[in-house]
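File shown: final24.pdb. Contents: PDB, C-alpha atoms and all ligand atoms.
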```pdb
ATOM      1  CA  MET X   1       0.000   0.000   0.000  1.00  0.00           C
ATOM      2  CA  LYS X   2       2.819   2.353   0.957  1.00  0.00           C
ATOM      3  CA  GLN X   3       4.460   1.642  -2.393  1.00  0.00           C
ATOM      4  CA  LEU X   4       1.178   2.353  -4.158  1.00  0.00           C
ATOM      5  CA  ILE X   5       0.852   5.729  -2.440  1.00  0.00           C
ATOM      6  CA  ILE X   6       4.444   6.647  -3.299  1.00  0.00           C
ATOM      7  CA  SER X   7       4.017   5.732  -6.927  1.00  0.00           C
ATOM      8  CA  PHE X   8       0.700   7.660  -7.014  1.00  0.00           C
ATOM      9  CA  LEU X   9       2.412  10.731  -5.551  1.00  0.00           C
ATOM     10  CA  LEU X  10       5.321  10.347  -7.968  1.00  0.00           C
ATOM     11  CA  GLY X  11       2.848  10.134 -10.797  1.00  0.00           C
ATOM     12  CA  LEU X  12       1.205  13.353  -9.622  1.00  0.00           C
ATOM     13  CA  VAL X  13       4.572  15.129  -9.508  1.00  0.00           C
ATOM     14  CA  VAL X  14       5.443  13.920 -12.999  1.00  0.00           C
ATOM     15  CA  SER X  15       2.082  14.988 -14.428  1.00  0.00           C
ATOM     16  CA  PHE X  16       2.319  18.427 -12.762  1.00  0.00           C
ATOM     17  CA  ALA X  17       5.831  18.807 -14.151  1.00  0.00           C
ATOM     18  CA  SER X  18       4.678  17.952 -17.661  1.00  0.00           C
ATOM     19  CA  MET X  19       1.712  20.336 -17.282  1.00  0.00           C
ATOM     20  CA  ALA X  20       4.150  23.072 -16.348  1.00  0.00           C
ATOM     21  CA  GLN X  21       6.182  22.299 -19.456  1.00  0.00           C
ATOM     22  CA  GLU X  22       3.148  22.411 -21.689  1.00  0.00           C
ATOM     23  CA  LYS X  23       1.868  25.707 -20.348  1.00  0.00           C
ATOM     24  CA  LYS X  24       1.219  27.914 -23.332  1.00  0.00           C
ATOM     25  CA  TYR X  25       1.165  31.692 -23.572  1.00  0.00           C
ATOM     26  CA  PRO X  26      -0.523  33.595 -26.386  1.00  0.00           C
ATOM     27  CA  GLU X  27       1.667  34.314 -29.419  1.00  0.00           C
ATOM     28  CA  PRO X  28       1.594  37.842 -30.867  1.00  0.00           C
ATOM     29  CA  ALA X  29      -0.507  38.036 -34.017  1.00  0.00           C
ATOM     30  CA  PRO X  30       1.641  37.562 -37.163  1.00  0.00           C
ATOM     31  CA  MET X  31       2.527  40.927 -38.648  1.00  0.00           C
ATOM     32  CA  LYS X  32       1.601  42.009 -42.154  1.00  0.00           C
ATOM     33  CA  PRO X  33       3.736  44.430 -44.239  1.00  0.00           C
ATOM     34  CA  GLU X  34       1.004  47.131 -44.102  1.00  0.00           C
ATOM     35  CA  MET X  35       1.307  47.283 -40.321  1.00  0.00           C
ATOM     36  CA  THR X  36       4.601  49.181 -40.577  1.00  0.00           C
ATOM     37  CA  GLU X  37       3.642  51.454 -43.516  1.00  0.00           C
ATOM     38  CA  TYR X  38       2.705  55.073 -42.753  1.00  0.00           C
ATOM     39  CA  TRP X  39       1.252  57.359 -45.445  1.00  0.00           C
ATOM     40  CA  VAL X  40       0.928  60.644 -43.535  1.00  0.00           C
ATOM     41  CA  PRO X  41       2.177  63.246 -43.229  1.00  0.00           C
ATOM     42  CA  GLN X  42       3.646  63.270 -46.737  1.00  0.00           C
ATOM     43  CA  PRO X  43       7.004  65.129 -46.664  1.00  0.00           C
ATOM     44  CA  PRO X  44       6.916  68.529 -48.419  1.00  0.00           C
ATOM     45  CA  VAL X  45       8.241  68.597 -51.979  1.00  0.00           C
ATOM     46  CA  VAL X  46      11.406  70.665 -52.451  1.00  0.00           C
ATOM     47  CA  ALA X  47      12.814  71.329 -55.910  1.00  0.00           C
ATOM     48  CA  PRO X  48      16.565  70.815 -55.621  1.00  0.00           C
ATOM     49  CA  GLY X  49      18.886  73.446 -57.073  1.00  0.00           C
ATOM     50  CA  LYS X  50      20.358  72.955 -60.502  1.00  0.00           C
ATOM     51  CA  ILE X  51      23.562  70.953 -60.630  1.00  0.00           C
ATOM     52  CA  SER X  52      26.064  70.485 -63.355  1.00  0.00           C
ATOM     53  CA  SER X  53      25.344  67.459 -65.501  1.00  0.00           C
ATOM     54  CA  ASP X  54      28.911  66.329 -64.793  1.00  0.00           C
ATOM     55  CA  PRO X  55      29.348  63.947 -61.854  1.00  0.00           C
ATOM     56  CA  VAL X  56      30.879  65.268 -58.638  1.00  0.00           C
ATOM     57  CA  ALA X  57      34.523  64.202 -58.802  1.00  0.00           C
ATOM     58  CA  ALA X  58      35.840  62.053 -55.950  1.00  0.00           C
ATOM     59  CA  PRO X  59      38.114  63.779 -53.422  1.00  0.00           C
ATOM     60  CA  SER X  60      41.742  62.675 -53.197  1.00  0.00           C
ATOM     61  CA  ASP X  61      41.336  60.355 -50.191  1.00  0.00           C
ATOM     62  CA  ALA X  62      38.227  58.553 -51.457  1.00  0.00           C
ATOM     63  CA  ILE X  63      38.018  54.908 -52.485  1.00  0.00           C
ATOM     64  CA  VAL X  64      36.387  54.966 -55.900  1.00  0.00           C
ATOM     65  CA  LEU X  65      33.848  52.141 -56.028  1.00  0.00           C
ATOM     66  CA  PHE X  66      32.709  52.843 -59.578  1.00  0.00           C
ATOM     67  CA  ASP X  67      34.456  55.216 -61.956  1.00  0.00           C
ATOM     68  CA  GLY X  68      32.480  54.388 -65.087  1.00  0.00           C
ATOM     69  CA  THR X  69      34.631  51.570 -66.385  1.00  0.00           C
ATOM     70  CA  ASP X  70      33.878  48.270 -64.628  1.00  0.00           C
ATOM     71  CA  LEU X  71      32.389  46.530 -61.591  1.00  0.00           C
ATOM     72  CA  SER X  72      35.672  45.012 -60.423  1.00  0.00           C
ATOM     73  CA  ARG X  73      35.060  46.282 -56.873  1.00  0.00           C
ATOM     74  CA  TRP X  74      31.641  44.582 -56.727  1.00  0.00           C
ATOM     75  CA  GLU X  75      30.331  41.023 -56.486  1.00  0.00           C
ATOM     76  CA  ASN X  76      26.993  39.234 -56.267  1.00  0.00           C
ATOM     77  CA  ARG X  77      25.738  37.669 -53.041  1.00  0.00           C
ATOM     78  CA  LYS X  78      27.477  34.410 -53.841  1.00  0.00           C
ATOM     79  CA  GLY X  79      30.797  36.226 -54.100  1.00  0.00           C
ATOM     80  CA  GLU X  80      30.868  35.874 -57.890  1.00  0.00           C
ATOM     81  CA  ALA X  81      31.313  38.622 -60.500  1.00  0.00           C
ATOM     82  CA  ALA X  82      28.537  41.232 -60.469  1.00  0.00           C
ATOM     83  CA  GLU X  83      26.377  40.841 -63.584  1.00  0.00           C
ATOM     84  CA  TRP X  84      24.807  44.293 -63.735  1.00  0.00           C
ATOM     85  CA  ILE X  85      25.435  46.003 -67.052  1.00  0.00           C
ATOM     86  CA  VAL X  86      28.172  48.617 -67.496  1.00  0.00           C
ATOM     87  CA  HIS X  87      27.625  50.995 -70.424  1.00  0.00           C
ATOM     88  CA  ASP X  88      28.267  54.641 -71.268  1.00  0.00           C
ATOM     89  CA  GLY X  89      30.082  55.299 -67.989  1.00  0.00           C
ATOM     90  CA  VAL X  90      27.184  54.044 -65.842  1.00  0.00           C
ATOM     91  CA  PHE X  91      25.844  50.670 -64.772  1.00  0.00           C
ATOM     92  CA  THR X  92      22.274  49.435 -64.902  1.00  0.00           C
ATOM     93  CA  VAL X  93      20.522  46.853 -62.754  1.00  0.00           C
ATOM     94  CA  LYS X  94      20.245  43.519 -64.543  1.00  0.00           C
ATOM     95  CA  LYS X  95      16.937  42.357 -63.157  1.00  0.00           C
ATOM     96  CA  GLY X  96      16.825  38.894 -61.716  1.00  0.00           C
ATOM     97  CA  THR X  97      20.554  38.659 -61.024  1.00  0.00           C
ATOM     98  CA  GLY X  98      20.190  39.789 -57.418  1.00  0.00           C
ATOM     99  CA  ASN X  99      21.780  42.435 -55.254  1.00  0.00           C
ATOM    100  CA  ILE X 100      25.402  43.435 -55.690  1.00  0.00           C
ATOM    101  CA  ARG X 101      27.801  44.482 -52.940  1.00  0.00           C
ATOM    102  CA  THR X 102      31.278  45.855 -52.584  1.00  0.00           C
ATOM    103  CA  LYS X 103      34.037  43.321 -52.017  1.00  0.00           C
ATOM    104  CA  GLN X 104      35.461  45.650 -49.385  1.00  0.00           C
ATOM    105  CA  THR X 105      33.704  46.088 -46.030  1.00  0.00           C
ATOM    106  CA  PHE X 106      33.346  49.330 -44.098  1.00  0.00           C
ATOM    107  CA  SER X 107      32.596  50.747 -40.679  1.00  0.00           C
ATOM    108  CA  ASP X 108      32.028  54.534 -40.440  1.00  0.00           C
ATOM    109  CA  PHE X 109      31.973  56.293 -43.804  1.00  0.00           C
ATOM    110  CA  GLN X 110      30.939  59.103 -46.114  1.00  0.00           C
ATOM    111  CA  LEU X 111      29.423  57.701 -49.298  1.00  0.00           C
ATOM    112  CA  HIS X 112      28.546  59.448 -52.549  1.00  0.00           C
ATOM    113  CA  LEU X 113      26.470  57.785 -55.246  1.00  0.00           C
ATOM    114  CA  GLU X 114      24.281  58.881 -58.126  1.00  0.00           C
ATOM    115  CA  TRP X 115      21.222  57.132 -59.474  1.00  0.00           C
ATOM    116  CA  ARG X 116      18.718  57.697 -62.247  1.00  0.00           C
ATOM    117  CA  VAL X 117      15.420  56.142 -63.211  1.00  0.00           C
ATOM    118  CA  PRO X 118      14.743  56.058 -66.949  1.00  0.00           C
ATOM    119  CA  GLU X 119      12.604  58.710 -68.589  1.00  0.00           C
ATOM    120  CA  GLY X 120       9.072  57.455 -69.196  1.00  0.00           C
ATOM    121  CA  ILE X 121       9.226  54.976 -66.309  1.00  0.00           C
ATOM    122  CA  GLU X 122       5.840  53.509 -65.412  1.00  0.00           C
ATOM    123  CA  GLY X 123       4.360  52.019 -62.253  1.00  0.00           C
ATOM    124  CA  LYS X 124       3.334  53.534 -58.965  1.00  0.00           C
ATOM    125  CA  SER X 125       4.077  53.509 -55.260  1.00  0.00           C
ATOM    126  CA  GLN X 126       6.830  50.943 -54.555  1.00  0.00           C
ATOM    127  CA  ALA X 127       6.688  49.501 -58.074  1.00  0.00           C
ATOM    128  CA  ARG X 128       8.519  52.360 -59.799  1.00  0.00           C
ATOM    129  CA  GLY X 129      12.311  52.453 -59.852  1.00  0.00           C
ATOM    130  CA  ASN X 130      12.719  50.594 -56.571  1.00  0.00           C
ATOM    131  CA  SER X 131      16.247  49.844 -55.420  1.00  0.00           C
ATOM    132  CA  GLY X 132      18.106  50.668 -52.249  1.00  0.00           C
ATOM    133  CA  VAL X 133      21.509  51.146 -50.746  1.00  0.00           C
ATOM    134  CA  PHE X 134      22.212  48.903 -47.763  1.00  0.00           C
ATOM    135  CA  LEU X 135      24.654  50.355 -45.232  1.00  0.00           C
ATOM    136  CA  GLN X 136      27.000  47.653 -43.960  1.00  0.00           C
ATOM    137  CA  GLY X 137      24.896  45.306 -46.094  1.00  0.00           C
ATOM    138  CA  ILE X 138      22.056  45.497 -43.546  1.00  0.00           C
ATOM    139  CA  TYR X 139      20.310  48.866 -43.195  1.00  0.00           C
ATOM    140  CA  GLU X 140      18.410  49.997 -46.305  1.00  0.00           C
ATOM    141  CA  ILE X 141      18.203  53.610 -47.389  1.00  0.00           C
ATOM    142  CA  GLN X 142      15.432  53.522 -49.950  1.00  0.00           C
ATOM    143  CA  ILE X 143      15.992  54.361 -53.587  1.00  0.00           C
ATOM    144  CA  LEU X 144      12.706  54.873 -55.433  1.00  0.00           C
ATOM    145  CA  ASP X 145      11.199  57.178 -58.050  1.00  0.00           C
ATOM    146  CA  ASN X 146       9.019  59.410 -55.901  1.00  0.00           C
ATOM    147  CA  TYR X 147       8.766  62.218 -58.444  1.00  0.00           C
ATOM    148  CA  GLU X 148       4.999  62.773 -58.452  1.00  0.00           C
ATOM    149  CA  ASN X 149       4.622  59.260 -57.098  1.00  0.00           C
ATOM    150  CA  GLU X 150       3.383  58.891 -53.542  1.00  0.00           C
ATOM    151  CA  THR X 151       3.963  55.853 -51.382  1.00  0.00           C
ATOM    152  CA  TYR X 152       4.128  55.158 -47.669  1.00  0.00           C
ATOM    153  CA  VAL X 153       6.420  57.870 -46.355  1.00  0.00           C
ATOM    154  CA  ASN X 154       8.725  55.587 -44.413  1.00  0.00           C
ATOM    155  CA  GLY X 155       9.318  53.716 -47.677  1.00  0.00           C
ATOM    156  CA  GLN X 156       9.937  56.629 -50.022  1.00  0.00           C
ATOM    157  CA  ALA X 157      13.261  57.767 -51.459  1.00  0.00           C
ATOM    158  CA  GLY X 158      15.624  58.684 -48.662  1.00  0.00           C
ATOM    159  CA  SER X 159      13.727  56.859 -45.938  1.00  0.00           C
ATOM    160  CA  VAL X 160      15.400  54.521 -43.517  1.00  0.00           C
ATOM    161  CA  TYR X 161      13.213  51.771 -44.929  1.00  0.00           C
ATOM    162  CA  LYS X 162      10.116  51.065 -42.814  1.00  0.00           C
ATOM    163  CA  GLN X 163      11.533  53.264 -40.052  1.00  0.00           C
ATOM    164  CA  THR X 164      12.048  56.978 -40.660  1.00  0.00           C
ATOM    165  CA  ALA X 165      10.565  59.098 -43.455  1.00  0.00           C
ATOM    166  CA  PRO X 166      12.793  61.705 -45.126  1.00  0.00           C
ATOM    167  CA  LEU X 167      12.367  65.332 -44.010  1.00  0.00           C
ATOM    168  CA  VAL X 168      11.410  66.339 -47.547  1.00  0.00           C
ATOM    169  CA  ASN X 169      10.958  64.955 -51.039  1.00  0.00           C
ATOM    170  CA  ALA X 170      13.865  66.323 -53.112  1.00  0.00           C
ATOM    171  CA  MET X 171      13.457  64.192 -56.231  1.00  0.00           C
ATOM    172  CA  ARG X 172      14.612  65.130 -59.675  1.00  0.00           C
ATOM    173  CA  PRO X 173      12.321  63.942 -62.476  1.00  0.00           C
ATOM    174  CA  PRO X 174      12.886  60.609 -64.265  1.00  0.00           C
ATOM    175  CA  GLY X 175      15.769  60.816 -66.717  1.00  0.00           C
ATOM    176  CA  GLU X 176      17.807  63.127 -64.457  1.00  0.00           C
ATOM    177  CA  TRP X 177      20.516  62.064 -62.016  1.00  0.00           C
ATOM    178  CA  ASN X 178      19.915  62.121 -58.266  1.00  0.00           C
ATOM    179  CA  THR X 179      22.817  62.326 -55.846  1.00  0.00           C
ATOM    180  CA  TYR X 180      22.942  60.717 -52.425  1.00  0.00           C
ATOM    181  CA  ASP X 181      25.540  61.807 -49.894  1.00  0.00           C
ATOM    182  CA  ILE X 182      25.417  59.550 -46.863  1.00  0.00           C
ATOM    183  CA  ILE X 183      27.307  59.936 -43.596  1.00  0.00           C
ATOM    184  CA  TYR X 184      27.086  56.785 -41.545  1.00  0.00           C
ATOM    185  CA  THR X 185      28.178  55.889 -38.025  1.00  0.00           C
ATOM    186  CA  ALA X 186      28.327  52.167 -37.368  1.00  0.00           C
ATOM    187  CA  PRO X 187      26.803  50.748 -34.176  1.00  0.00           C
ATOM    188  CA  THR X 188      28.748  49.419 -31.226  1.00  0.00           C
ATOM    189  CA  PHE X 189      27.502  46.426 -29.280  1.00  0.00           C
ATOM    190  CA  LYS X 190      27.213  45.217 -25.707  1.00  0.00           C
ATOM    191  CA  SER X 191      28.301  41.708 -24.840  1.00  0.00           C
ATOM    192  CA  ASP X 192      24.675  40.519 -25.151  1.00  0.00           C
ATOM    193  CA  GLY X 193      24.590  41.591 -28.804  1.00  0.00           C
ATOM    194  CA  THR X 194      22.298  44.612 -28.375  1.00  0.00           C
ATOM    195  CA  TYR X 195      23.365  48.124 -29.358  1.00  0.00           C
ATOM    196  CA  ARG X 196      25.596  50.029 -26.972  1.00  0.00           C
ATOM    197  CA  THR X 197      25.313  52.871 -29.483  1.00  0.00           C
ATOM    198  CA  PRO X 198      22.859  52.469 -32.384  1.00  0.00           C
ATOM    199  CA  PRO X 199      23.796  53.104 -36.016  1.00  0.00           C
ATOM    200  CA  ARG X 200      23.168  56.637 -37.230  1.00  0.00           C
ATOM    201  CA  VAL X 201      22.750  58.145 -40.654  1.00  0.00           C
ATOM    202  CA  THR X 202      22.729  61.565 -42.252  1.00  0.00           C
ATOM    203  CA  LEU X 203      21.578  61.798 -45.870  1.00  0.00           C
ATOM    204  CA  LEU X 204      21.443  64.564 -48.454  1.00  0.00           C
ATOM    205  CA  GLN X 205      19.658  64.039 -51.754  1.00  0.00           C
ATOM    206  CA  ASN X 206      20.640  66.544 -54.431  1.00  0.00           C
ATOM    207  CA  GLY X 207      22.178  68.714 -51.721  1.00  0.00           C
ATOM    208  CA  VAL X 208      18.996  68.756 -49.599  1.00  0.00           C
ATOM    209  CA  LEU X 209      18.945  67.253 -46.098  1.00  0.00           C
ATOM    210  CA  LEU X 210      16.679  64.202 -45.785  1.00  0.00           C
ATOM    211  CA  GLN X 211      18.007  62.457 -42.658  1.00  0.00           C
ATOM    212  CA  ASN X 212      19.720  64.401 -39.887  1.00  0.00           C
ATOM    213  CA  ASN X 213      21.836  62.080 -37.730  1.00  0.00           C
ATOM    214  CA  THR X 214      18.881  59.690 -37.589  1.00  0.00           C
ATOM    215  CA  ILE X 215      19.055  56.701 -35.271  1.00  0.00           C
ATOM    216  CA  ILE X 216      18.608  53.407 -37.086  1.00  0.00           C
ATOM    217  CA  ARG X 217      16.619  51.106 -34.818  1.00  0.00           C
ATOM    218  CA  GLY X 218      17.649  47.777 -36.321  1.00  0.00           C
ATOM    219  CA  THR X 219      17.200  45.808 -39.519  1.00  0.00           C
ATOM    220  CA  THR X 220      14.990  47.364 -42.194  1.00  0.00           C
ATOM    221  CA  GLN X 221      12.390  44.613 -42.418  1.00  0.00           C
ATOM    222  CA  TYR X 222       9.713  44.440 -45.109  1.00  0.00           C
ATOM    223  CA  THR X 223       7.507  42.603 -42.629  1.00  0.00           C
ATOM    224  CA  GLY X 224       7.564  43.261 -38.917  1.00  0.00           C
ATOM    225  CA  LEU X 225       9.596  45.430 -36.591  1.00  0.00           C
ATOM    226  CA  PRO X 226      13.327  46.198 -36.753  1.00  0.00           C
ATOM    227  CA  LYS X 227      15.543  43.509 -35.294  1.00  0.00           C
ATOM    228  CA  VAL X 228      18.800  44.170 -33.500  1.00  0.00           C
ATOM    229  CA  ARG X 229      21.553  41.713 -34.217  1.00  0.00           C
ATOM    230  CA  GLU X 230      25.264  41.980 -33.724  1.00  0.00           C
ATOM    231  CA  HIS X 231      27.392  42.390 -36.829  1.00  0.00           C
ATOM    232  CA  ALA X 232      30.856  43.327 -37.943  1.00  0.00           C
ATOM    233  CA  GLU X 233      31.941  45.686 -40.731  1.00  0.00           C
ATOM    234  CA  GLY X 234      29.878  45.259 -43.859  1.00  0.00           C
ATOM    235  CA  PRO X 235      29.759  46.103 -47.555  1.00  0.00           C
ATOM    236  CA  ILE X 236      27.778  48.706 -49.472  1.00  0.00           C
ATOM    237  CA  MET X 237      25.005  46.707 -51.136  1.00  0.00           C
ATOM    238  CA  LEU X 238      22.664  47.794 -53.933  1.00  0.00           C
ATOM    239  CA  GLN X 239      19.240  46.238 -54.360  1.00  0.00           C
ATOM    240  CA  ASP X 240      17.835  44.380 -57.343  1.00  0.00           C
ATOM    241  CA  HIS X 241      14.267  44.846 -56.162  1.00  0.00           C
ATOM    242  CA  GLY X 242      12.406  42.958 -58.874  1.00  0.00           C
ATOM    243  CA  ASP X 243       9.564  45.449 -59.321  1.00  0.00           C
ATOM    244  CA  PRO X 244       8.228  45.358 -62.903  1.00  0.00           C
ATOM    245  CA  SER X 245       9.333  48.880 -63.908  1.00  0.00           C
ATOM    246  CA  ALA X 246      12.308  49.638 -66.165  1.00  0.00           C
ATOM    247  CA  PRO X 247      15.663  49.229 -64.380  1.00  0.00           C
ATOM    248  CA  LEU X 248      17.555  52.163 -62.909  1.00  0.00           C
ATOM    249  CA  SER X 249      21.196  53.101 -63.312  1.00  0.00           C
ATOM    250  CA  PHE X 250      24.069  54.232 -61.092  1.00  0.00           C
ATOM    251  CA  ARG X 251      27.252  56.204 -61.639  1.00  0.00           C
ATOM    252  CA  ASN X 252      30.082  57.911 -59.787  1.00  0.00           C
ATOM    253  CA  ILE X 253      30.223  55.976 -56.507  1.00  0.00           C
ATOM    254  CA  TRP X 254      32.950  56.770 -54.002  1.00  0.00           C
ATOM    255  CA  ILE X 255      33.463  56.375 -50.293  1.00  0.00           C
ATOM    256  CA  ARG X 256      35.659  57.931 -47.606  1.00  0.00           C
ATOM    257  CA  GLU X 257      36.373  55.880 -44.500  1.00  0.00           C
ATOM    258  CA  LEU X 258      36.005  57.878 -41.300  1.00  0.00           C
TER     259      LEU X 258
HETATM  260 MG    MG A   1      14.146  49.214 -51.990  1.00  0.00          MG
END
```

Could you rewrite the structure in this file as structure tokens?
Ligand code: MG
Amino acid sequence: MKQLIISFLLGLVVSFASMAQEKKYPEPAPMKPEMTEYWVPQPPVVAPGKISSDPVAAPSDAIVLFDGTDLSRWENRKGEAAEWIVHDGVFTVKKGTGNIRTKQTFSDFQLHLEWRVPEGIEGKSQARGNSGVFLQGIYEIQILDNYENETYVNGQAGSVYKQTAPLVNAMRPPGEWNTYDIIYTAPTFKSDGTYRTPPRVTLLQNGVLLQNNTIIRGTTQYTGLPKVREHAEGPIMLQDHGDPSAPLSFRNIWIREL
């Protein structure tokens, strides 16, 4: 009888223990992309000043990432030769071949690049000249044709994608070159992998301030909230977005390490 009682009690303990293990808490509802898309207020439109049609020449201490001749400083995500098309001193996205990134990795930097969507481009919202420049290969600054093309403001040209809208819309019309000048401070990390100091970015488009030392809160997710994960130095990466509009082009890309 004593043995029976002990085994009954043991059984109770075991079943309580397994109940404790199986205790379930509610999961958060799965997020949809629209949940992190904000359409108002739309940033004011500012017409940028006229610039020379000649590219801004790289300063003497810059690393020239593209000088109009070849993509030898770039690779695809498999580490193979970048397949985007070099022509007439520029290169154009070859759709379907994927993002390209610099072979070299960077920490803090000043980056200059120029991009152009083709004249007569069609499509609207995100499906019109969508690309992006990923800082350290992770944090996307949006590239998009937002000339008379509205979209969610934290996804328009010059946004920290799905995080911070640009201060203004300083687009040049399709067929004209846009400049981006980006000043980036890389994050530092605590031993648990969270930010000790978050990444920060300042951005001028066509000489007009769009981001002013903006804190980047984590990864620039299409779906869901930013995630913080520890990382080392990273490349400059350009996006092959896959939207159906005509592909955009880049020229005159240089970087200064800080
Ligand atoms: Mg993009």

Selection dump of the PyMOL selection byres (((chain X and resi 83) around 10) and not hetatm), as a ChimeraX atom specification
/X:71,74-76,80-82,84-86,91-100

Considering all atoms listed in the file, state which residue in the set X:Pro48, X:Arg172, X:Gly218, X:Arg229 is at the smallest distance from Ser191 of chain X.
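Among the listed residues, the smallest separation from Ser191 of chain X belongs to X:Arg229.
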
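The space between atom CA of Glu257 of chain X and atom CA of Asp181 of chain X spans 13.5 Å.
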
Env. residues ligand MG 1 (chain A) / 9 Å / only C-alpha atoms and all ligand atoms / as a PyMOL selection string
chain X and resi 126+129-133+140-144+155-157+161+238-241

Could you tell me, as a list in words, exactly which residues end up selected when the PyMOL selection byres (((chain X and resi 69) around 9) and not hetatm) is applied to this structure?
Phe66, Asp67, Gly68, Asp70, Leu71, Ser72, Val86, His87, Asp88, Gly89, Val90 and Phe91 of chain X

Which residue is closest to Tyr180 of chain X? Choose from X:Arg200, X:Lys227, X:Arg251, X:Arg128 and count all atoms listed in the file.
X:Arg251

Restore all heavy atoms in segment 160-166 of chain X and list the result as a CSV table (one decimal), in the frame of the given file.
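Result file is rebuild.csv:
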```csv
chain,number,residue,atom,x,y,z
X,160,VAL,N,14.8,55.7,-44.1
X,160,VAL,CA,15.4,54.5,-43.5
X,160,VAL,C,14.3,53.5,-43.6
X,160,VAL,O,13.2,53.7,-42.9
X,160,VAL,CB,15.8,54.7,-42.1
X,160,VAL,CG1,16.4,53.4,-41.5
X,160,VAL,CG2,16.8,55.9,-42.0
X,161,TYR,N,14.4,52.5,-44.5
X,161,TYR,CA,13.2,51.8,-44.9
X,161,TYR,C,12.4,51.2,-43.8
X,161,TYR,O,12.9,50.5,-42.9
X,161,TYR,CB,13.7,50.7,-45.9
X,161,TYR,CG,12.5,49.9,-46.5
X,161,TYR,CD1,11.6,50.6,-47.3
X,161,TYR,CD2,12.2,48.6,-46.1
X,161,TYR,CE1,10.5,49.9,-47.8
X,161,TYR,CE2,11.1,47.9,-46.6
X,161,TYR,CZ,10.2,48.6,-47.5
X,161,TYR,OH,9.1,47.9,-48.0
X,162,LYS,N,11.1,51.5,-43.8
X,162,LYS,CA,10.1,51.1,-42.8
X,162,LYS,C,10.4,51.6,-41.4
X,162,LYS,O,9.9,51.1,-40.4
X,162,LYS,CB,10.0,49.5,-42.8
X,162,LYS,CG,9.3,48.9,-44.0
X,162,LYS,CD,7.8,49.1,-44.0
X,162,LYS,CE,7.2,48.4,-45.2
X,162,LYS,NZ,6.5,47.2,-44.9
X,163,GLN,N,11.3,52.6,-41.4
X,163,GLN,CA,11.5,53.3,-40.1
X,163,GLN,C,11.2,54.8,-40.1
X,163,GLN,O,10.2,55.2,-39.6
X,163,GLN,CB,13.0,53.0,-39.6
X,163,GLN,CG,13.3,51.5,-39.3
X,163,GLN,CD,14.6,51.3,-38.7
X,163,GLN,OE1,15.2,52.2,-38.1
X,163,GLN,NE2,15.1,50.1,-38.9
X,164,THR,N,12.1,55.5,-40.8
X,164,THR,CA,12.0,57.0,-40.7
X,164,THR,C,11.9,57.6,-42.0
X,164,THR,O,12.7,57.4,-42.9
X,164,THR,CB,13.3,57.5,-40.0
X,164,THR,OG1,13.5,56.8,-38.7
X,164,THR,CG2,13.2,59.0,-39.7
X,165,ALA,N,10.8,58.4,-42.2
X,165,ALA,CA,10.6,59.1,-43.5
X,165,ALA,C,11.6,60.2,-43.6
X,165,ALA,O,12.2,60.7,-42.7
X,165,ALA,CB,9.2,59.7,-43.4
X,166,PRO,N,11.9,60.6,-44.9
X,166,PRO,CA,12.8,61.7,-45.1
X,166,PRO,C,12.1,63.0,-44.7
X,166,PRO,O,10.9,63.1,-44.7
X,166,PRO,CB,13.0,61.7,-46.6
X,166,PRO,CG,11.8,61.0,-47.2
X,166,PRO,CD,11.4,60.0,-46.1
```
